[in-house]
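First comes the structure, then the notes that go with it.
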Amino acid sequence: MSISRREFIKLMGLAGAAGMLPGSAFAAKRKPIDMYEIPKFGNVCLMHMTDCHAQLNPIYFREPSMNLGVGGAYGKAPHLVGEKLLKHFAIPSNSLASHAFSYLDFDQAASQYGKVGGFAHLTSLVKRLRSERGAGQSLLLDGGDTWQGSGTSYWTRGMDMVGACNLLGVDVMTGHWEYTYKDHEVIHNVQKFKGDFVAQNVGINEDAMFDYRFADFDGYDEDSGRAFKPYVIKKMNDVRVAVIGQAFPYTPIANPQRFIPDWTFGIQDENMQAVVDDLKANEKPDLIVVISHNGMDVDLKMASRVSGIDVIFGGHTHDGMPAPTTVKNAGGKTLVTNAGSNGKFLGVMDLDVRGGKLVDYRYNLVPVFSNLLPADKEMQSYIDKVRAPYLDQLNEKLATAEETLYRRGNFNGTFDQLICDALTEVNDAQISLSPGFRWGTTVLNGQDITMDNVMDQTCITYPETYRREMSGADIKLILEDVSDNLFNPDPYYQQGGDMVRVGGLDYVCEPNKTFGKRISSMTLNDGTKIQDDKKYVVSGWATVSSKAPGRPIWDVVADYLRAKDTVKITKLNTPKLIGVKGNPGLA
Amino acid sequence: MNRRVFLQRSLASGAVALAASSGLLVPGTVLASWNKAAFDAKDMASALKGAVGSDSVEESADIKIKAPDIAENGAVVPVTVSTTIKDVKTISIFSEKNGTPLVAQFDFDSSSQPFISTRIKMGKTSNVVAVVNAGGKNYQAKKEVKVTIGGCGG
């Protein structure tokens with residue numbers, strides 16, 4: 001579906017699009033001609049992208065209809081969806097901005113406004129901002145989850161993305177899914193990356209310290225036991241900015257430790273404070289920021305416990321927040337942002353830094369609409385070259401979608417249901433389990449589902465499937481364990497993604513209960529109660545503790561799709577919820 | 001010289017052999033006065049009584065426990081305990097929900113600094129409790145460590 005720029009701009013005018021920057025002065029005025037005029041402010045511009053999950057070309061990405069906040073997070077950013085999200089951030093309905101930030105009218109708006117993201121289009125935007133802000137006045141930060149998420153990133157072990165980021169000119173990055181390649185590959189990729197890879201919270205296990213395999217890597221610090229540089233100081237004309245890295249703290253728990261046996265993570269907020277204190281005492285930078293993969297709730301808590309950080313640029317939870325949250329702490333206050341995912345947004349933080357202090361700022365989370373930005377020729381040519389050897393495989397048409405297939409949402413998504421159905425059918429199982437990742441691009445109603453789309457939804461370095469017996473008690477344990485990862489009221493005890501998706505199984509979930517008490521009334525699709533001691537045939541993928549014996553998940557899903565012409569979800573296995581009525585994280 | 005080289009060289013030069021031959025590493029001497037009953041106790045109350053003589057303990061903000069919020073590996077959870085309380089006789093570490101809660105106990109004399117760093121085994125999510133016995137009284141601090149199935153990268 002492609003329309004000319006002129007037609008598109010006419011559409012914008014007709015739709016009454018009031019600009020896509022809700023917080024800015026332009027929100028009230030109609031500026032249909034130049035949607036990407038972002039007024040300059042201050043003397044430092046920090047651009048932030050995060051969680052692009054290796055999406056080099058433009059895609060569709062539907063935001064969630066369910067993002068529940070419990071305990072202290074109830075009703076606060078990021079746990080707002082739909083109308084409540086728009087109201088909270090003063091975004092006009094039925095606008096380009098409401099389509100970018102919420103799921104409302106997604107099907108219709110996506111057909112109308114077209115795709116988002118794409119590195120070539122992002123490059124044009126970044127180049128424009130760099131030139132408008134002036135030499136030495138801007139930095140591009142990447143929160144990680146960059147090297148994984150597409151077929152080509154898997155086949156090139158993340159190097160396609162390292163090349164793209166080098167071309168884009170990413171200055172500083174940190175990581176999470178980067179660590180799902182083998183540790184020597186991570187080291188290799190970091191060495192090829194032209195920017196700085198920072199992570200204050202990645203250390204070396206005591207056992208490994210004895211004869212550390214990467215002792216020659218320049219990020220390694222024997223005295224502190226850190227595997228990577230904790231921070232980097234960037235000089236931006238006369239302003240010195242310290243950028244501290246915070247990798248995803250629970251990487252060896254949420255992803256396989258066996259690929260990175262020597263590294264240990266954790267939130268390490270006491271170490272973060274020590275790094276900040278050391279910077280203030282010795283380097284004395286004018287601004288201290290953190291490029292973080294904690295996830296927004298963890299960032300909000302960390303910001304309340306650590307003093308001296310000016311801004312935390314957040315990722316991991318894929319929350320596209322139009323404005324930062326201000327958090328008070330013993331040292332003053334810290335701004336916390338979160339910049340969405342999949343290349344859909346670019347965070348633009350313009351700062352006024354004077355006398356060694358942050359005086360004022362302007363923040364815009366800018367949606368990247370590929371129909372509204374030119375494709376940078378050099379980047380597009382690089383992307384085409386990367387994909388060329390795999391194009392036949394990626395473009396294989398498997399089936400046609402008869403409804404919008406997406407992933408994001410606390411408990412389920414239509415693409416997840418497709419994966420679960422593929423597992424139960426192809427592997428002849430009663431029940432299937434699929435991880436609640438937050439990445440995965442969207443396929444619109446009426447579009448072809450290609451291998452490229454399937455890879456976007458399944459591409460990990462541990463894709464093997466399993467088929468085995470589990471007791472009802474085991475299944476309940478898994479559901480209880482994962483629901484606590486999501487609904488533990490203390491963000492430091494949350495980890496990983498959304499709730500595990502299920503096929504062939506229905507259940508009731510009470511998010512506000514405590515560990516072990518949230519899941520009940522488990523039944524098979526036909527209503528038969530699940531019994532603790534009875535065994536069931538379960539199929540799943542993405543096993544963390546050891547390699548599963550079956551075929552890669554994308555082969556299972558592709559086989560399932562090839563046998564069909566069209567795909568429509570007949571039953572969405574999503575739990576009945578108790579105790580969440582009125583929650584602004586519920587549509 | 002750096003830590004790694006020192007360790008490698010000390011092993012190579014037979015420093016361990018030297019220590020063993022001078023009787024510093026013989027388990028028998030240490031185990032002779034081992035508090036078996038306390039380590040075999042299956043509930044917190046009996047484990048406490050066995051370890052520090054009583055299950056009457058006072059919460060103290062002067063004990064610092066450092067442990068991960070979520071364990072990367074339940075078999076080896078790193079725990080560090082330090083305290084500013086004076087005249088520390090013993091520091092005991094418990095994992096409340098373990099089959100036998102008492103996990104470790106360290107004796108101190110007047111010249112040693114009350115600081116320990118060790119790794120403990122935890123079967124499931126539990127409070128890690130550090131009990132300091134000093135001046136005839138027992139003080140404690142707790143920290144919850146979650147042991148999870150893992151997965152679901154997000």
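So you can find residues: chains in the structure tokens are A, B, ... in the order shown, residues in each start at 1, and ligands are numbered from 1 in order.
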Check: which chain A residues lie within 6 Å of chain B using only C-alpha atoms, as a VMD selection string: chain A and resid 210 253 to 255 435 437 to 438 496 to 497 544
File dump, residues just selected, C-alpha atoms, as a PDB file, in the first residue's frame:
```pdb
ATOM      1  CA  PHE A 210      40.556 -16.805  37.754  1.00  0.00           C
ATOM      2  CA  ILE A 253      17.700 -15.329  33.983  1.00  0.00           C
ATOM      3  CA  ALA A 254      15.422 -14.225  31.156  1.00  0.00           C
ATOM      4  CA  ASN A 255      17.804 -15.499  28.462  1.00  0.00           C
ATOM      5  CA  PRO A 435       7.005 -16.487  25.586  1.00  0.00           C
ATOM      6  CA  PHE A 437       8.189 -11.140  24.208  1.00  0.00           C
ATOM      7  CA  ARG A 438       7.396  -7.510  23.462  1.00  0.00           C
ATOM      8  CA  GLY A 496      11.484 -10.507  31.426  1.00  0.00           C
ATOM      9  CA  GLY A 497       8.524  -9.804  29.220  1.00  0.00           C
ATOM     10  CA  VAL A 544      16.403 -20.963  28.661  1.00  0.00           C
TER      11      VAL A 544
END
```
Nearby residues (only C-alpha atoms) at most 10 Å from region 206-209 of chain A, same-chain spacing under 6 positions excluded, as a list in words: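 With the cut-off at 10 Å, the set is Ala215, Glu222, Gly225, Pro261, Asp262, Trp263 and Thr264 of chain A; Arg3, Arg4 and Pro78 of chain B.
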Residue subset to file, keeping N, CA and C atoms, as a PDB file, in the first residue's frame:
```pdb
ATOM      1  N   ALA A 215      40.427 -11.330  28.888  1.00  0.00           N
ATOM      2  CA  ALA A 215      41.248 -10.411  29.683  1.00  0.00           C
ATOM      3  C   ALA A 215      41.860  -9.305  28.837  1.00  0.00           C
ATOM      4  N   GLU A 222      39.924  -5.264  35.693  1.00  0.00           N
ATOM      5  CA  GLU A 222      40.165  -6.315  36.679  1.00  0.00           C
ATOM      6  C   GLU A 222      39.851  -5.873  38.099  1.00  0.00           C
ATOM      7  N   GLY A 225      36.138  -5.635  38.384  1.00  0.00           N
ATOM      8  CA  GLY A 225      35.472  -6.863  37.965  1.00  0.00           C
ATOM      9  C   GLY A 225      34.438  -6.650  36.874  1.00  0.00           C
ATOM     10  N   PRO A 261      28.488 -17.647  29.968  1.00  0.00           N
ATOM     11  CA  PRO A 261      28.658 -18.240  31.294  1.00  0.00           C
ATOM     12  C   PRO A 261      29.479 -17.411  32.269  1.00  0.00           C
ATOM     13  N   ASP A 262      30.359 -16.540  31.751  1.00  0.00           N
ATOM     14  CA  ASP A 262      31.261 -15.814  32.648  1.00  0.00           C
ATOM     15  C   ASP A 262      30.725 -14.496  33.163  1.00  0.00           C
ATOM     16  N   TRP A 263      29.555 -14.060  32.674  1.00  0.00           N
ATOM     17  CA  TRP A 263      29.084 -12.724  33.032  1.00  0.00           C
ATOM     18  C   TRP A 263      27.922 -12.750  33.999  1.00  0.00           C
ATOM     19  N   THR A 264      27.935 -11.817  34.936  1.00  0.00           N
ATOM     20  CA  THR A 264      26.865 -11.705  35.921  1.00  0.00           C
ATOM     21  C   THR A 264      26.296 -10.290  35.854  1.00  0.00           C
TER      22      THR A 264
ATOM     23  N   ARG B   3      45.419  -9.679  40.423  1.00  0.00           N
ATOM     24  CA  ARG B   3      44.879 -10.787  41.204  1.00  0.00           C
ATOM     25  C   ARG B   3      45.001 -12.131  40.509  1.00  0.00           C
ATOM     26  N   ARG B   4      44.702 -12.107  39.212  1.00  0.00           N
ATOM     27  CA  ARG B   4      44.677 -13.364  38.462  1.00  0.00           C
ATOM     28  C   ARG B   4      46.063 -13.990  38.432  1.00  0.00           C
ATOM     29  N   PRO B  78      25.285 -15.312  45.620  1.00  0.00           N
ATOM     30  CA  PRO B  78      26.299 -14.557  46.373  1.00  0.00           C
ATOM     31  C   PRO B  78      25.657 -13.689  47.446  1.00  0.00           C
TER      32      PRO B  78
END
```
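Take CA of Thr514 (chain A) and CA of Lys97 (chain B): the distance between them is 16.8 Å.
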Residues of region 210-422 of chain A in strand (DSSP E), written as a ChimeraX atom specification: /A:231-236,239-246,263-264,287-292,311-314,325-329,332-338,345-354,357-367,397-401
Counting only C-alpha atoms, the residue of B:Asp55, B:Glu96, B:Asp43, B:Asp62 that sits nearest Ala141 (chain B):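 Answer, going by the shortest atom-to-atom distance: B:Asp62.
Proximity to Pro101 (chain B) was assessed for B:Val81, B:Ile116, B:Met122, B:Ile63 counting only C-alpha atoms; the smallest distance is recorded for B:Met122.
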